[in-house]
Every structure is written in structure tokens, then in C-alpha cells.
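Engineer: I'd like to ask some things about the structure below.
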Amino acid sequence: MKRRILIIGASGQIGTELTQQLRLVHGNDCVIATDLHQPPVKSQEEFFEILDATDVDAIKRCVLKHQVGTIYLLAAMLSATAESAPRKAWDLNMNSLLCVLDLAKDGLIDQIFWPSSIAVFGPTSPKKDTPQTCVMEPTTVYGISKLAGEFWCSYYQRKYGVDVRSIRYPGLISWKAQPGGGTTDYAVAIFHEALKTGTYNCFLSAQTALPMMHMTDAIRATLELMSSDLSSVNQFKAYNIAGMSFTPEQLAQKIKAKLPDFKIHYDPDFRQAIADSWPSSIDDSEAGKDWKWSARIDLDHLTQDMLDNLKDTLANS
Ligand SMILES: NC(=O)c1ccc[n+]([C@@H]2O[C@H](COP(=O)([O-])OP(=O)(O)OC[C@H]3O[C@@H](n4cnc5c(N)ncnc54)[C@H](O)[C@@H]3O)[C@@H](O)[C@H]2O)c1
């Protein structure tokens with residue numbers, strides 16, 4: 001029998017869409033979704049279990065019970081939320097990763113996906129077209145945990161032959177589930193508010209350019225990396241991937257072109273300092289070279305897709 005896929009942290013922004021896509025590819029009963037909270041999408045309640053990413057014994061029991069071969073570990077505390085509980089964020093982000101790495105080291109599972117982030121970069125990294133390898137001095141607890149996690153992945157790969165793959169996601173934009181407390185969340189909230197109230201109060205300044213990506217591209221990148229031949233994977237820390245780069249003002253202009261009465265105000269808060277420490281754009285040529293990665297969705301396509309789908313969702317809610 002084909003070994004199953006376990007998703008830990010499946011009810012969040014990425015997990016909701018990753019679960020759906022993995023079930024399309026592998027079949028519903030092949031994908032066990034788990035989280036501390038029920039999934040936001042009713043149709044995903046089947047093959048769902050409550051599981052705490054920090055409970056090593058419970059994860060091990062779940063792996064054995066369902067004959068799991070692959071784990072996607074998505075549970076984490078994100079950049080903005082982590083700043084208010086640094087020790088808690090460190091414990092969750094690190095302990096859950098070490099737990100699944102040990103399961104692979106002990107031969108219980110074959111493959112792991114663990115997402116990293118552009119937060120591994122810091123103010124001393126090149127800001128524009130930030131390369132795969134450069135100076136990395138993150139200033140947030142989230143970035144520190146992601147960078148340490150990348151080193152753990154590469155250590156377990158080198159020392160124990162663990163097949164662990166990772167991507168440094170940029171800010172992800174989607175309409176199926178709400179984002180979970182990151183610094184790029186404004187790029188989702190702006191669409192909700194544009195449709196609901198016609199006005200958005202942005203927590204970043206007008207000119208803050210950040211790397212972003214449509215969720216569809218991010219899920220495709222994840223599945224493409226995971227199904228790539230091991231011999232083509234040369235980067236066991238995490239791959240840079242790029243979609244697009246824009247400022248709040250540029251995004252607001254795109255929305256205004258569709259909704260002429262839309263208004264945006266800028267009122268930067270503590271998240272501005274986090275955004276200022278991150279790259280404005282990313283060089284993803286290594287991912288292109290190794291597993292032929294290339295993004296498909298640009299800002300015009302993203303704006304249209306978000307407005308169309310959220311309009312329908314709001315009309316039906
Ligand atoms: N969304 C983005 O823009 C983005 C960008 C870069 C990296 N990432 C990374 O991708 C991963 C998933 O991100 P996301 O946006 O889906 O986050 P999210 O906050 O939307 O979802 C995380 C999920 O983990 C669950 N969770 C939290 N603590 C848990 C625990 N102890 N046990 C089990 N589940 C727990 C939460 O309930 C939530 O459903 C994270 O590692 C994040 O750092 C996300």
C-alpha cells in the first residue's frame with residue numbers, strides 16, 4: 001500500500017489549499033490533515049484529526065496508525081505574532097521541526113516538507129534580487145527560527161541522509177483562508193476591505209516593496225519540489241522562489257483600476273520595521289536551474305483573481 005501523507009498545521013492559510021491539492025493528486029484517504037483547530041473548509045473535515053505539533057508521542061502514534069511516509073510540517077508562529085511571544089514561537093517552530101526530522105532519521109518516514117521564509121534575510125542582506133546565498137542576519141525571532149531550521153534540515157540531510165525539502169516562501173496571497181499573522185498579511189486584507197468597506201488602513205507605508213506570490217504558484221512550487229528527482233535537488237537548506245514584487249501603493253492602484261472608489265490610508269505600525277529588514281525582491285535562479293521553477297501569476301492576474309473570488313465568497317456568506 002502507498003504510504004500516506006500527513007499535514008501538520010493543515011487548517012491555516014497554506015494548509016487549506018495544500019490539503020485540497022494533495023487530495024486531488026493522491027486521493028482523499030491518502031492525505032491526513034491535522035491541526036489544533038478544525039479546518040475552515042467544511043469539505044476538509046474528513047480525514048482530519050486534532051494533533052499538536054509539539055507533542056512528539058502523538059505525532060509518532062499518528063504516523064504509525066496511518067502508515068505515513070511523508071510529512072508536510074506547516075505549524076508555526078508567523079513573523080508578526082511571534083514578536084509578541086518570542087520564546088513560545090521559538091519552541092513551536094523549532095521543536096516541531098526537530099521532532100519530524102528525528103522521525104525521518106529513525107526511518108519511520110521517508111520525506112519531509114518544511115517551509116522556510118524570506119524572513120531568513122535581514123538588513124545586511126542585499127535588498128534587491130536577494131540571492132540564494134548571501135549574508136543572513138535576521139532580526140525577528142521568526143527569521144532566526146527559520147534560519148536555524150534551515151541549518152537543522154541541511155544537517156540532518158548531510159549527517160543522516162534525511163530527504164527534507166524546503167522553500168523560502170515570499171508573502172502568500174490567497175482568498176480561501178485567512179493569513180495567520182505575518183507581515184505581508186496586508187496584501188490579503190486589502191482585498192477584503194476594498195470589497196466590504198471600500199477603504200483600507202494599511203499597516204505598512206506606501207513605498208514598502210516586498211516579494212509576494214499567488215497561493216496557486218506557491219502550492220505548485222511545493223508539489224514540484226517534492227516530486228523532483230532527488231538527484232536534481234542541490235539545496236537542502238531552502239530554495240529562494242520569486243513571484244512578483246510590489247508596494248502597497250502599486251497594489252492599491254491595481255485595485256482602484258477595478259474599483260474606482262477604493263481609498264487607502266497609511267498608518268505604519270511595528271510591522272514596518274520587520275518589512276524594512278526584508279528583501280524587496282528575490283533571485284530564484286537556483287530553483288529555476290535545479291527543478292525548472294518559474295512563477296506564472298503576475299500582479300494583474302492576481303488582482304483579478306482575488307476580487308472575483310472574494311466577491312463570490314462574500315456574496316455567499
Ligand atoms: N503564508 C505566508 O505568507 C508564509 C510565508 C512564508 C512562510 N510561511 C510558512 O508556511 C507555514 C504555514 O504558514 P501559514 O501561512 O499557513 O500559517 P497559518 O498561521 O495560517 O497556519 C498555521 C497553522 O498551524 C496551526 N498550529 C499552530 N500551532 C500548532 C500546534 N502546536 N500544533 C498543530 N498545529 C498548530 C494553526 O492552528 C494554523 O492552522 C509556516 O511555517 C510559515 O512560517 C508562510
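How things are named: the first chain in the C-alpha cells is A, the next is B, and so on; residues count from 1 in each chain; ligands count from 1 in the order shown.
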Produce as a ChimeraX atom specification the set of residues near ligand 1, where near means within 7 Å with only C-alpha atoms and all ligand atoms considered.

Structural biologist: /A:8-15,34-37,51-54,74-78,92,114-118,168-173,178-182,184

Engineer: Can you list, as a ChimeraX atom specification, every protein, DNA or RNA residue that comes within 12 Å of A:Lys88 when you count only C-alpha atoms, leaving out same-chain residues fewer than 2 positions away?

Structural biologist: /A:54,76-78,81-86,90-96,141-142,145

Engineer: Let me see the file: selected residues, N, CA, C and O atoms, as a PDB file, in the first residue's frame.

Structural biologist:
ATOM      1  N   THR A  54       3.757  19.979  18.801  1.00  0.00           N
ATOM      2  CA  THR A  54       4.834  19.891  19.793  1.00  0.00           C
ATOM      3  C   THR A  54       4.733  18.597  20.612  1.00  0.00           C
ATOM      4  O   THR A  54       5.543  18.361  21.498  1.00  0.00           O
ATOM      5  N   ALA A  76       3.384  26.729  12.679  1.00  0.00           N
ATOM      6  CA  ALA A  76       4.435  27.673  13.080  1.00  0.00           C
ATOM      7  C   ALA A  76       3.775  28.928  13.597  1.00  0.00           C
ATOM      8  O   ALA A  76       2.584  29.173  13.351  1.00  0.00           O
ATOM      9  N   MET A  77       4.549  29.729  14.328  1.00  0.00           N
ATOM     10  CA  MET A  77       4.075  31.060  14.674  1.00  0.00           C
ATOM     11  C   MET A  77       4.720  32.024  13.691  1.00  0.00           C
ATOM     12  O   MET A  77       5.947  31.991  13.511  1.00  0.00           O
ATOM     13  N   LEU A  78       3.919  32.867  13.028  1.00  0.00           N
ATOM     14  CA  LEU A  78       4.427  33.706  11.942  1.00  0.00           C
ATOM     15  C   LEU A  78       5.066  35.008  12.446  1.00  0.00           C
ATOM     16  O   LEU A  78       5.021  35.305  13.630  1.00  0.00           O
ATOM     17  N   THR A  81       3.082  37.767  14.789  1.00  0.00           N
ATOM     18  CA  THR A  81       2.607  37.157  16.036  1.00  0.00           C
ATOM     19  C   THR A  81       3.788  36.737  16.911  1.00  0.00           C
ATOM     20  O   THR A  81       3.753  36.905  18.142  1.00  0.00           O
ATOM     21  N   ALA A  82       4.824  36.206  16.286  1.00  0.00           N
ATOM     22  CA  ALA A  82       5.967  35.684  17.041  1.00  0.00           C
ATOM     23  C   ALA A  82       6.656  36.779  17.852  1.00  0.00           C
ATOM     24  O   ALA A  82       7.216  36.509  18.927  1.00  0.00           O
ATOM     25  N   GLU A  83       6.610  38.018  17.364  1.00  0.00           N
ATOM     26  CA  GLU A  83       7.284  39.106  18.085  1.00  0.00           C
ATOM     27  C   GLU A  83       6.659  39.367  19.456  1.00  0.00           C
ATOM     28  O   GLU A  83       7.308  39.898  20.342  1.00  0.00           O
ATOM     29  N   SER A  84       5.366  38.964  19.625  1.00  0.00           N
ATOM     30  CA  SER A  84       4.756  39.197  20.940  1.00  0.00           C
ATOM     31  C   SER A  84       4.952  38.005  21.880  1.00  0.00           C
ATOM     32  O   SER A  84       4.624  38.080  23.057  1.00  0.00           O
ATOM     33  N   ALA A  85       5.490  36.896  21.376  1.00  0.00           N
ATOM     34  CA  ALA A  85       5.738  35.716  22.232  1.00  0.00           C
ATOM     35  C   ALA A  85       6.978  34.976  21.716  1.00  0.00           C
ATOM     36  O   ALA A  85       6.873  33.847  21.227  1.00  0.00           O
ATOM     37  N   PRO A  86       8.143  35.621  21.807  1.00  0.00           N
ATOM     38  CA  PRO A  86       9.346  35.062  21.160  1.00  0.00           C
ATOM     39  C   PRO A  86       9.714  33.653  21.632  1.00  0.00           C
ATOM     40  O   PRO A  86      10.048  32.797  20.799  1.00  0.00           O
ATOM     41  N   TRP A  90       9.710  30.315  19.307  1.00  0.00           N
ATOM     42  CA  TRP A  90      10.927  29.516  19.138  1.00  0.00           C
ATOM     43  C   TRP A  90      10.623  28.041  19.451  1.00  0.00           C
ATOM     44  O   TRP A  90      10.985  27.144  18.694  1.00  0.00           O
ATOM     45  N   ASP A  91       9.923  27.811  20.580  1.00  0.00           N
ATOM     46  CA  ASP A  91       9.631  26.429  20.998  1.00  0.00           C
ATOM     47  C   ASP A  91       8.791  25.711  19.938  1.00  0.00           C
ATOM     48  O   ASP A  91       9.089  24.585  19.555  1.00  0.00           O
ATOM     49  N   LEU A  92       7.731  26.367  19.459  1.00  0.00           N
ATOM     50  CA  LEU A  92       6.869  25.729  18.453  1.00  0.00           C
ATOM     51  C   LEU A  92       7.649  25.499  17.155  1.00  0.00           C
ATOM     52  O   LEU A  92       7.678  24.389  16.617  1.00  0.00           O
ATOM     53  N   ASN A  93       8.274  26.566  16.664  1.00  0.00           N
ATOM     54  CA  ASN A  93       8.905  26.481  15.337  1.00  0.00           C
ATOM     55  C   ASN A  93      10.062  25.485  15.322  1.00  0.00           C
ATOM     56  O   ASN A  93      10.268  24.776  14.327  1.00  0.00           O
ATOM     57  N   MET A  94      10.824  25.398  16.418  1.00  0.00           N
ATOM     58  CA  MET A  94      11.998  24.516  16.438  1.00  0.00           C
ATOM     59  C   MET A  94      11.650  23.088  16.847  1.00  0.00           C
ATOM     60  O   MET A  94      12.077  22.120  16.225  1.00  0.00           O
ATOM     61  N   ASN A  95      10.868  22.952  17.948  1.00  0.00           N
ATOM     62  CA  ASN A  95      10.620  21.594  18.457  1.00  0.00           C
ATOM     63  C   ASN A  95       9.840  20.739  17.470  1.00  0.00           C
ATOM     64  O   ASN A  95      10.106  19.543  17.324  1.00  0.00           O
ATOM     65  N   SER A  96       8.880  21.361  16.783  1.00  0.00           N
ATOM     66  CA  SER A  96       8.092  20.583  15.818  1.00  0.00           C
ATOM     67  C   SER A  96       8.990  20.099  14.678  1.00  0.00           C
ATOM     68  O   SER A  96       8.892  18.955  14.229  1.00  0.00           O
ATOM     69  N   VAL A 141      12.402  37.061  15.667  1.00  0.00           N
ATOM     70  CA  VAL A 141      12.514  35.698  16.216  1.00  0.00           C
ATOM     71  C   VAL A 141      12.048  34.682  15.172  1.00  0.00           C
ATOM     72  O   VAL A 141      12.580  33.569  15.071  1.00  0.00           O
ATOM     73  N   TYR A 142      11.082  35.083  14.374  1.00  0.00           N
ATOM     74  CA  TYR A 142      10.593  34.216  13.292  1.00  0.00           C
ATOM     75  C   TYR A 142      11.731  33.924  12.307  1.00  0.00           C
ATOM     76  O   TYR A 142      11.988  32.771  11.952  1.00  0.00           O
ATOM     77  N   SER A 145      14.322  31.684  13.794  1.00  0.00           N
ATOM     78  CA  SER A 145      13.875  30.282  13.864  1.00  0.00           C
ATOM     79  C   SER A 145      13.898  29.636  12.478  1.00  0.00           C
ATOM     80  O   SER A 145      14.252  28.465  12.329  1.00  0.00           O
TER      81      SER A 145
END

Engineer: List the neighbours of A:Thr313 out to 12 Å using only C-alpha atoms; skip same-chain residues closer than 3 positions along the sequence, and give me the result as a ChimeraX atom specification.

Structural biologist: /A:175-177,192,195-196,306-310,316-317

Engineer: When DSSP works through the backbone of this structure, what residues of stretch 117-303 of chain A end up as helix (DSSP H, G or I), shown as an MDAnalysis selection string?

Structural biologist: chainID A and resid 118:120 141:160 186:196 215:227 230:232 248:258 271:276 285:291 299:303

Engineer: For the atom pair atom CA of A:Arg4 and atom CA of A:Asp29, what is the interatomic distance in Å to one decimal place?

Structural biologist: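 Here the two named atoms are 8.1 Å from each other.
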
Engineer: Residues within 6 Å of stretch 198-210 of chain A, please, as a CSV table (one decimal) with N, CA, C and O atoms, in the first residue's frame. Count only C-alpha atoms; anything in the same chain fewer than 5 positions from it doesn't count.

Structural biologist:
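What ended up in selection_3.csv:
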chain,number,residue,atom,x,y,z
A,190,ILE,N,-6.3,43.9,2.3
A,190,ILE,CA,-6.7,45.0,1.4
A,190,ILE,C,-7.8,44.6,0.5
A,190,ILE,O,-8.7,45.4,0.2
A,193,GLU,N,-11.2,44.3,2.5
A,193,GLU,CA,-11.7,45.6,2.9
A,193,GLU,C,-12.2,46.4,1.7
A,193,GLU,O,-13.1,47.2,1.8
A,245,SER,N,6.9,41.5,-7.1
A,245,SER,CA,7.3,42.4,-6.0
A,245,SER,C,6.5,43.7,-6.2
A,245,SER,O,6.4,44.2,-7.4
A,246,PHE,N,5.9,44.1,-5.2
A,246,PHE,CA,5.1,45.4,-5.3
A,246,PHE,C,5.0,46.1,-4.0
A,246,PHE,O,5.2,45.5,-2.9
A,247,THR,N,4.6,47.4,-4.0
A,247,THR,CA,4.4,48.2,-2.8
A,247,THR,C,2.9,48.3,-2.6
A,247,THR,O,2.1,48.0,-3.5
A,248,PRO,N,2.5,48.6,-1.3
A,248,PRO,CA,1.1,48.8,-1.1
A,248,PRO,C,0.4,49.8,-2.1
A,248,PRO,O,-0.7,49.6,-2.5
A,249,GLU,N,1.2,50.9,-2.4
A,249,GLU,CA,0.6,51.9,-3.3
A,249,GLU,C,0.4,51.3,-4.7
A,249,GLU,O,-0.6,51.5,-5.3
A,262,PHE,N,-12.2,53.0,-4.4
A,262,PHE,CA,-11.4,52.5,-3.3
A,262,PHE,C,-10.4,53.5,-2.8
A,262,PHE,O,-9.8,54.2,-3.6
A,263,LYS,N,-10.3,53.6,-1.5
A,263,LYS,CA,-9.3,54.5,-0.8
A,263,LYS,C,-8.4,53.8,0.1
A,263,LYS,O,-8.9,52.9,0.8
A,264,ILE,N,-7.2,54.2,0.1
A,264,ILE,CA,-6.2,53.6,1.1
A,264,ILE,C,-5.6,54.7,1.9
A,264,ILE,O,-5.3,55.8,1.4
A,265,HIS,N,-5.4,54.4,3.2
A,265,HIS,CA,-4.6,55.3,4.1
A,265,HIS,C,-3.5,54.5,4.7
A,265,HIS,O,-3.5,53.2,4.8
A,266,TYR,N,-2.4,55.2,5.1
A,266,TYR,CA,-1.2,54.5,5.6
A,266,TYR,C,-1.0,54.9,7.0
A,266,TYR,O,-0.9,56.1,7.4
A,267,ASP,N,-0.9,53.9,7.8
A,267,ASP,CA,-0.6,54.1,9.3
A,267,ASP,C,0.3,53.0,9.8
A,267,ASP,O,-0.1,52.0,10.4
A,268,PRO,N,1.6,53.1,9.4
A,268,PRO,CA,2.6,52.0,9.7
A,268,PRO,C,2.6,51.8,11.2
A,268,PRO,O,2.6,52.7,12.0
A,269,ASP,N,2.7,50.5,11.6
A,269,ASP,CA,2.9,50.1,13.0
A,269,ASP,C,4.2,49.3,13.1
A,269,ASP,O,5.1,49.4,12.3
A,272,GLN,N,6.2,47.6,10.2
A,272,GLN,CA,7.1,48.4,9.3
A,272,GLN,C,8.5,48.0,9.4
A,272,GLN,O,9.3,47.8,8.5
A,280,SER,N,13.4,43.3,-1.0
A,280,SER,CA,12.3,43.9,-1.8
A,280,SER,C,12.0,43.0,-3.0
A,280,SER,O,10.9,43.0,-3.5

Engineer: Mind checking which residues fall within 9 Å of A:Ile255, counting only C-alpha atoms, ignoring those fewer than 3 positions away in the same chain, and posting them as JSON, numbers by chain?

Structural biologist: {"A": [190, 191, 194, 250, 251, 252, 258, 259, 260, 262, 303, 304, 307]}

Engineer: Write a file of the just-selected residues containing all heavy atoms, as a CSV table (one decimal), in the first residue's frame.

Structural biologist:
chain,number,residue,atom,x,y,z
A,190,ILE,N,-6.3,43.9,2.3
A,190,ILE,CA,-6.7,45.0,1.4
A,190,ILE,C,-7.8,44.6,0.5
A,190,ILE,O,-8.7,45.4,0.2
A,190,ILE,CB,-5.4,45.5,0.6
A,190,ILE,CG1,-5.7,46.8,0.0
A,190,ILE,CG2,-5.0,44.5,-0.4
A,190,ILE,CD1,-4.4,47.5,-0.6
A,191,PHE,N,-7.8,43.4,0.0
A,191,PHE,CA,-8.9,42.9,-1.0
A,191,PHE,C,-10.2,42.8,-0.2
A,191,PHE,O,-11.3,43.2,-0.7
A,191,PHE,CB,-8.5,41.6,-1.6
A,191,PHE,CG,-7.4,41.8,-2.7
A,191,PHE,CD1,-6.1,41.4,-2.4
A,191,PHE,CD2,-7.7,42.2,-3.9
A,191,PHE,CE1,-5.1,41.6,-3.4
A,191,PHE,CE2,-6.7,42.4,-4.9
A,191,PHE,CZ,-5.4,42.0,-4.6
A,194,ALA,N,-11.4,46.3,0.6
A,194,ALA,CA,-11.8,47.0,-0.6
A,194,ALA,C,-13.3,46.6,-1.0
A,194,ALA,O,-14.1,47.5,-1.4
A,194,ALA,CB,-10.9,46.7,-1.8
A,250,GLN,N,1.3,50.4,-5.2
A,250,GLN,CA,1.1,49.8,-6.5
A,250,GLN,C,-0.1,48.8,-6.5
A,250,GLN,O,-0.8,48.8,-7.4
A,250,GLN,CB,2.4,49.1,-6.9
A,250,GLN,CG,3.5,50.0,-7.3
A,250,GLN,CD,4.9,49.3,-7.4
A,250,GLN,OE1,5.1,48.3,-6.7
A,250,GLN,NE2,5.8,49.8,-8.2
A,251,LEU,N,-0.2,48.1,-5.4
A,251,LEU,CA,-1.3,47.2,-5.3
A,251,LEU,C,-2.7,48.0,-5.2
A,251,LEU,O,-3.6,47.6,-5.9
A,251,LEU,CB,-1.2,46.3,-4.0
A,251,LEU,CG,-2.3,45.3,-3.8
A,251,LEU,CD1,-2.5,44.4,-5.0
A,251,LEU,CD2,-2.0,44.5,-2.5
A,252,ALA,N,-2.6,49.1,-4.4
A,252,ALA,CA,-3.9,49.9,-4.3
A,252,ALA,C,-4.3,50.5,-5.7
A,252,ALA,O,-5.5,50.5,-6.0
A,252,ALA,CB,-3.6,51.0,-3.3
A,258,LYS,N,-10.0,48.6,-10.8
A,258,LYS,CA,-11.2,47.8,-10.9
A,258,LYS,C,-12.3,48.4,-10.0
A,258,LYS,O,-13.5,48.2,-10.3
A,258,LYS,CB,-10.9,46.4,-10.3
A,258,LYS,CG,-9.7,45.7,-11.0
A,258,LYS,CD,-10.0,45.1,-12.3
A,258,LYS,CE,-8.8,44.5,-13.0
A,258,LYS,NZ,-9.0,44.2,-14.4
A,259,LEU,N,-11.9,49.0,-8.9
A,259,LEU,CA,-12.9,49.6,-8.0
A,259,LEU,C,-12.6,51.1,-7.8
A,259,LEU,O,-11.8,51.4,-6.9
A,259,LEU,CB,-12.9,48.9,-6.6
A,259,LEU,CG,-13.1,47.4,-6.6
A,259,LEU,CD1,-12.9,46.8,-5.2
A,259,LEU,CD2,-14.5,47.0,-7.0
A,260,PRO,N,-13.0,52.0,-8.7
A,260,PRO,CA,-12.5,53.4,-8.7
A,260,PRO,C,-12.7,54.1,-7.4
A,260,PRO,O,-12.0,55.1,-7.2
A,260,PRO,CB,-13.3,54.0,-9.9
A,260,PRO,CG,-13.7,52.8,-10.7
A,260,PRO,CD,-13.9,51.7,-9.8
A,262,PHE,N,-12.2,53.0,-4.4
A,262,PHE,CA,-11.4,52.5,-3.3
A,262,PHE,C,-10.4,53.5,-2.8
A,262,PHE,O,-9.8,54.2,-3.6
A,262,PHE,CB,-10.6,51.2,-3.9
A,262,PHE,CG,-9.6,50.7,-2.9
A,262,PHE,CD1,-10.1,50.2,-1.6
A,262,PHE,CD2,-8.3,50.7,-3.1
A,262,PHE,CE1,-9.2,49.7,-0.7
A,262,PHE,CE2,-7.4,50.2,-2.2
A,262,PHE,CZ,-7.8,49.7,-1.0
A,303,THR,N,-4.7,40.3,-9.0
A,303,THR,CA,-5.7,41.3,-8.5
A,303,THR,C,-7.1,40.8,-9.0
A,303,THR,O,-8.1,40.8,-8.3
A,303,THR,CB,-5.4,42.7,-9.1
A,303,THR,OG1,-4.1,43.0,-8.8
A,303,THR,CG2,-6.4,43.7,-8.6
A,304,GLN,N,-7.2,40.4,-10.3
A,304,GLN,CA,-8.5,40.0,-10.9
A,304,GLN,C,-9.0,38.7,-10.1
A,304,GLN,O,-10.1,38.7,-9.8
A,304,GLN,CB,-8.2,39.7,-12.4
A,304,GLN,CG,-9.5,39.4,-13.1
A,304,GLN,CD,-10.3,40.7,-13.3
A,304,GLN,OE1,-9.8,41.7,-13.8
A,304,GLN,NE2,-11.6,40.7,-12.9
A,307,LEU,N,-10.2,39.6,-6.5
A,307,LEU,CA,-11.5,40.3,-6.5
A,307,LEU,C,-12.7,39.4,-6.9
A,307,LEU,O,-13.7,39.4,-6.3
A,307,LEU,CB,-11.4,41.6,-7.4
A,307,LEU,CG,-10.5,42.7,-6.9
A,307,LEU,CD1,-10.4,43.8,-7.9
A,307,LEU,CD2,-11.0,43.3,-5.5

Engineer: Using only C-alpha atoms, can you tell me which of A:Leu299, A:Leu73, A:Ile144, A:Val188 comes closest to A:Ala33?

Structural biologist: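 With only C-alpha atoms as the atom set, the closest residue is A:Leu73.
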
Engineer: What does the distance between atom CA of A:Ser174 and atom CA of A:Met226 come to in Å, to one decimal place?

Structural biologist: 21.4 Å
